[in-house]
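Peer 1: Sharing my_file_32.cif (mmCIF, C-alpha atoms) below.
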```
data_model
#
loop_
_atom_site.group_PDB
_atom_site.id
_atom_site.type_symbol
_atom_site.label_atom_id
_atom_site.label_comp_id
_atom_site.auth_asym_id
_atom_site.auth_seq_id
_atom_site.Cartn_x
_atom_site.Cartn_y
_atom_site.Cartn_z
ATOM 1 C CA MET G 1281 109.211 216.065 17.050
ATOM 2 C CA TRP G 1282 106.330 214.004 15.611
ATOM 3 C CA LYS G 1283 108.677 211.186 14.668
ATOM 4 C CA PHE G 1284 109.805 210.929 18.286
ATOM 5 C CA VAL G 1285 106.225 210.900 19.605
ATOM 6 C CA ILE G 1286 105.076 208.290 17.070
ATOM 7 C CA GLY G 1287 108.159 206.146 17.747
ATOM 8 C CA SER G 1288 107.635 206.329 21.512
ATOM 9 C CA VAL G 1289 103.945 205.424 21.270
ATOM 10 C CA SER G 1290 104.697 202.537 18.870
ATOM 11 C CA THR G 1291 107.430 201.178 21.137
ATOM 12 C CA THR G 1292 105.178 201.425 24.193
ATOM 13 C CA ALA G 1293 102.341 199.632 22.372
ATOM 14 C CA PHE G 1294 104.712 196.889 21.220
ATOM 15 C CA LEU G 1295 106.079 196.349 24.746
ATOM 16 C CA ALA G 1296 102.551 196.333 26.194
ATOM 17 C CA THR G 1297 101.528 193.691 23.630
ATOM 18 C CA LEU G 1298 104.530 191.507 24.520
ATOM 19 C CA CYS G 1299 103.730 191.793 28.242
ATOM 20 C CA THR G 1300 100.081 190.916 27.605
ATOM 21 C CA ILE G 1301 101.015 187.822 25.586
ATOM 22 C CA TYR G 1302 103.535 186.684 28.216
ATOM 23 C CA TYR G 1303 101.116 187.070 31.131
ATOM 24 C CA SER G 1304 98.267 185.467 29.164
ATOM 25 C CA VAL G 1305 100.369 182.380 28.493
ATOM 26 C CA SER G 1306 101.467 182.119 32.137
ATOM 27 C CA MET G 1307 97.863 182.579 33.307
ATOM 28 C CA LEU G 1308 96.694 179.772 30.995
ATOM 29 C CA ASP G 1309 99.449 177.531 32.346
ATOM 30 C CA GLU G 1310 98.416 178.322 35.934
ATOM 31 C CA LEU G 1311 94.742 177.629 35.145
ATOM 32 C CA ASP G 1312 95.625 174.303 33.537
ATOM 33 C CA SER G 1313 97.635 173.326 36.619
ATOM 34 C CA PHE G 1314 94.724 174.340 38.875
ATOM 35 C CA ARG G 1315 92.296 172.299 36.748
ATOM 36 C CA GLY G 1316 94.518 169.235 37.080
ATOM 37 C CA ARG G 1317 94.682 169.568 40.878
ATOM 38 C CA ILE G 1318 90.895 170.007 41.128
ATOM 39 C CA ARG G 1319 90.294 166.990 38.883
ATOM 40 C CA GLY G 1320 92.540 164.826 41.077
ATOM 41 C CA GLU G 1321 90.828 165.954 44.265
ATOM 42 C CA LEU G 1322 87.374 165.332 42.758
ATOM 43 C CA GLU G 1323 88.370 161.822 41.741
ATOM 44 C CA ASP G 1324 89.553 161.148 45.308
ATOM 45 C CA TRP G 1325 86.296 162.523 46.714
ATOM 46 C CA LYS G 1326 84.225 160.430 44.270
ATOM 47 C CA GLU G 1327 86.074 157.284 45.325
ATOM 48 C CA VAL G 1328 85.361 157.954 49.019
ATOM 49 C CA SER G 1329 81.733 158.803 48.241
ATOM 50 C CA ASP G 1330 81.203 155.612 46.205
ATOM 51 C CA ASP G 1331 82.827 153.502 48.916
ATOM 52 C CA THR G 1332 80.616 155.081 51.607
ATOM 53 C CA TRP G 1333 77.482 154.528 49.515
ATOM 54 C CA GLN G 1334 78.448 150.887 48.950
ATOM 55 C CA ARG G 1335 78.962 150.345 52.698
ATOM 56 C CA LEU G 1336 75.595 151.931 53.505
ATOM 57 C CA ASN G 1337 73.859 149.696 50.978
ATOM 58 C CA ASP G 1338 75.604 146.605 52.377
ATOM 59 C CA MET G 1339 74.568 147.526 55.948
ATOM 60 C CA THR G 1340 70.908 148.181 55.068
ATOM 61 C CA SER G 1341 70.571 145.107 52.868
ATOM 62 C CA ARG G 1342 71.766 142.806 55.713
ATOM 63 C CA SER G 1343 69.403 144.224 58.303
ATOM 64 C CA ALA G 1344 66.274 144.466 56.103
ATOM 65 C CA PRO G 1345 64.106 141.337 55.700
ATOM 66 C CA LYS G 1346 64.209 139.803 52.236
ATOM 67 C CA LYS G 1347 60.682 140.196 50.915
ATOM 68 C CA THR G 1348 60.025 139.946 47.219
ATOM 69 C CA ASN G 1349 56.616 141.664 47.183
ATOM 70 C CA ILE G 1350 55.377 143.459 50.258
ATOM 71 C CA LEU G 1351 51.870 143.821 48.772
ATOM 72 C CA LYS G 1352 51.228 140.085 49.130
ATOM 73 C CA GLU G 1353 50.860 140.647 52.887
ATOM 74 C CA PHE G 1354 47.991 143.075 52.318
ATOM 75 C CA PRO G 1355 45.682 141.537 49.733
ATOM 76 C CA GLY G 1356 43.043 143.759 48.182
ATOM 77 C CA THR G 1357 44.876 147.064 48.593
ATOM 78 C CA ILE G 1358 45.640 149.310 45.687
ATOM 79 C CA ALA G 1359 49.204 150.439 45.420
ATOM 80 C CA THR G 1360 50.413 153.585 43.713
ATOM 81 C CA VAL G 1361 53.832 153.810 42.173
ATOM 82 C CA GLY G 1362 56.081 156.181 44.094
ATOM 83 C CA LEU G 1363 59.027 158.270 43.035
ATOM 84 C CA ALA G 1364 62.045 156.529 41.646
ATOM 85 C CA GLY G 1365 64.756 155.823 44.208
ATOM 86 C CA ARG G 1366 68.424 156.729 44.023
ATOM 87 C CA SER G 1367 70.445 154.930 41.437
ATOM 88 C CA GLY G 1368 72.478 152.033 42.808
ATOM 89 C CA PRO G 1369 76.241 151.727 43.063
ATOM 90 C CA GLN G 1370 78.349 151.335 39.978
ATOM 91 C CA GLY G 1371 78.606 147.771 38.715
ATOM 92 C CA PRO G 1372 81.803 145.843 37.997
ATOM 93 C CA LEU G 1373 84.015 146.876 35.080
ATOM 94 C CA GLY G 1374 83.260 145.313 31.730
ATOM 95 C CA GLU G 1375 85.699 143.850 29.238
ATOM 96 C CA ALA G 1376 88.251 146.192 27.714
ATOM 97 C CA GLY G 1377 87.293 147.724 24.384
ATOM 98 C CA SER G 1378 89.369 147.721 21.225
ATOM 99 C CA GLN G 1379 92.425 149.937 20.945
ATOM 100 C CA GLY G 1380 91.551 153.490 19.898
ATOM 101 C CA GLU G 1381 93.328 155.730 17.438
ATOM 102 C CA PRO G 1382 96.426 157.524 18.749
ATOM 103 C CA GLY G 1383 95.728 161.038 20.016
ATOM 104 C CA VAL G 1384 97.264 164.307 18.929
ATOM 105 C CA ASP G 1385 100.754 165.012 20.268
ATOM 106 C CA GLY G 1386 100.769 167.389 23.225
ATOM 107 C CA LYS G 1387 102.436 170.786 23.339
ATOM 108 C CA ASP G 1388 106.157 170.984 24.060
ATOM 109 C CA GLY G 1389 106.929 171.700 27.682
ATOM 110 C CA ALA G 1390 108.695 174.790 28.968
ATOM 111 C CA VAL G 1391 112.456 175.032 28.537
ATOM 112 C CA GLY G 1392 114.188 173.654 31.618
ATOM 113 C CA GLU G 1393 116.937 175.191 33.704
ATOM 114 C CA PRO G 1394 120.507 174.715 32.435
ATOM 115 C CA GLY G 1395 122.246 171.663 33.851
ATOM 116 C CA ARG G 1396 125.326 171.771 36.071
ATOM 117 C CA LYS G 1397 128.771 172.046 34.505
ATOM 118 C CA GLY G 1398 130.270 168.676 33.702
ATOM 119 C CA GLU G 1399 133.672 167.427 34.806
ATOM 120 C CA ASN G 1400 136.761 168.031 32.652
ATOM 121 C CA GLY G 1401 137.657 165.187 30.337
ATOM 122 C CA ARG G 1402 140.955 163.280 30.181
ATOM 123 C CA PRO G 1403 143.916 164.952 28.425
ATOM 124 C CA GLY G 1404 144.128 164.160 24.746
ATOM 125 C CA LYS G 1405 146.969 162.382 22.907
ATOM 126 C CA ARG G 1406 150.019 164.344 21.750
ATOM 127 C CA GLY G 1407 149.469 165.687 18.265
ATOM 128 C CA LYS G 1408 151.653 164.983 15.219
ATOM 129 C CA ASP G 1409 154.713 167.197 14.578
ATOM 130 C CA GLY G 1410 154.065 169.995 12.150
ATOM 131 C CA VAL G 1411 155.704 170.558 8.768
ATOM 132 C CA ALA G 1412 159.253 171.986 8.866
ATOM 133 C CA GLY G 1413 159.434 175.723 8.252
ATOM 134 C CA VAL G 1414 161.479 177.592 5.624
ATOM 135 C CA PRO G 1415 165.193 178.027 6.326
ATOM 136 C CA GLY G 1416 166.119 181.271 8.067
ATOM 137 C CA THR G 1417 168.328 184.060 6.714
ATOM 138 C CA ARG G 1418 172.004 184.280 7.409
ATOM 139 C CA GLY G 1419 172.813 185.856 10.797
ATOM 140 C CA LYS G 1420 174.958 188.972 11.524
ATOM 141 C CA LEU G 1421 178.668 188.623 11.956
ATOM 142 C CA GLY G 1422 179.761 188.612 15.560
ATOM 143 C CA GLU G 1423 182.469 190.798 17.160
ATOM 144 C CA ASP G 1424 186.000 189.588 17.629
ATOM 145 C CA ALA G 1425 186.778 188.163 21.004
ATOM 146 C CA GLY G 1426 189.689 190.536 21.461
ATOM 147 C CA TYR G 1427 192.244 187.914 22.388
ATOM 148 C CA CYS G 1428 194.203 188.212 19.143
ATOM 149 C CA THR G 1429 195.177 190.922 16.793
ATOM 150 C CA CYS G 1430 193.444 189.876 13.651
ATOM 151 C CA PRO G 1431 193.032 191.945 10.555
ATOM 152 C CA PRO G 1432 189.614 193.688 10.399
ATOM 153 C CA ARG G 1433 186.828 191.715 8.732
ATOM 154 C CA THR G 1434 185.223 192.612 5.529
ATOM 155 C CA ALA G 1435 181.668 191.750 5.097
#
```
Show me the file's structure as structure tokens.

Peer 2:
Amino acid sequence: MWKFVIGSVSTTAFLATLCTIYYSVSMLDELDSFRGRIRGELEDWKEVSDDTWQRLNDMTSRSAPKKTNILKEFPGTIATVGLAGRSGPQGPLGEAGSQGEPGVDGKDGAVGEPGRKGENGRPGKRGKDGVAGVPGTRGKLGEDAGYCTCPPRTA
């Protein structure tokens, strides 16, 4: 009785462990896929945001008068330094750096679905004749045809 109970509990625990491992791996795969989609969408959003910021800067810089130092118009005033403004748009790309070390190979992908069945090939060439077999044994004597009266045979 105890052997059956212990065997059943062990089997159930083993199956539960296998299920947990399987679902953990598929959940990690799903999270990695989700992370990739989010990263792509954020890169798209950043590109639109940077382009909009650049256009706003271009529009305001054309309409504003070009004054190098506004304090020259008001001599004798004391100016206080204000808060730092927003950082400007990203500058042009620099020269490419040197080639880095190769990275670690990625994990193998999941096993794919089986492919479709291929077409049958052409018929092959006729094979060589086999080796001759051993001679057979002597056959049984046949019956007389009955058209003559012959003496009986002796084997």

Peer 1: Mind giving me the straight-line distance from atom CA of G:Cys1299 to atom CA of G:Ala1390 in Å, one decimal?

Peer 2: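 That distance, rounded to one decimal, is 17.7 Å.
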
Peer 1: Record the distance separating atom CA of G:Leu1336 and atom CA of G:Asp1324, expressed in Å with one decimal.

Peer 2: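 Computing it gives 18.6 Å between the two atoms.
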
Peer 1: Which is closer to G:Ser1329 than all the others in G:Gln1370, G:Phe1294, G:Asp1409, G:Arg1396, using all atoms listed in the file?

Peer 2: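 For G:Ser1329, the nearest of the candidates is G:Gln1370.
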
Peer 1: Grab the atom CA of G:Leu1308 to atom CA of G:Glu1327 distance for me, in Å with one decimal place.

Peer 2: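 Pair atom CA of G:Leu1308 / atom CA of G:Glu1327 returns 28.7 Å.
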
Peer 1: Starting from 6 Å padding per side, set up an axis-aligned box that covers all listed atoms of stretch 1361-1376 of chain G and hand over centre and edge lengths in Å, one decimal, as JSON.

Peer 2:
```
{"center_x": 71.0, "center_y": 151.1, "center_z": 36.0, "size_x": 46.4, "size_y": 26.4, "size_z": 28.5}
```
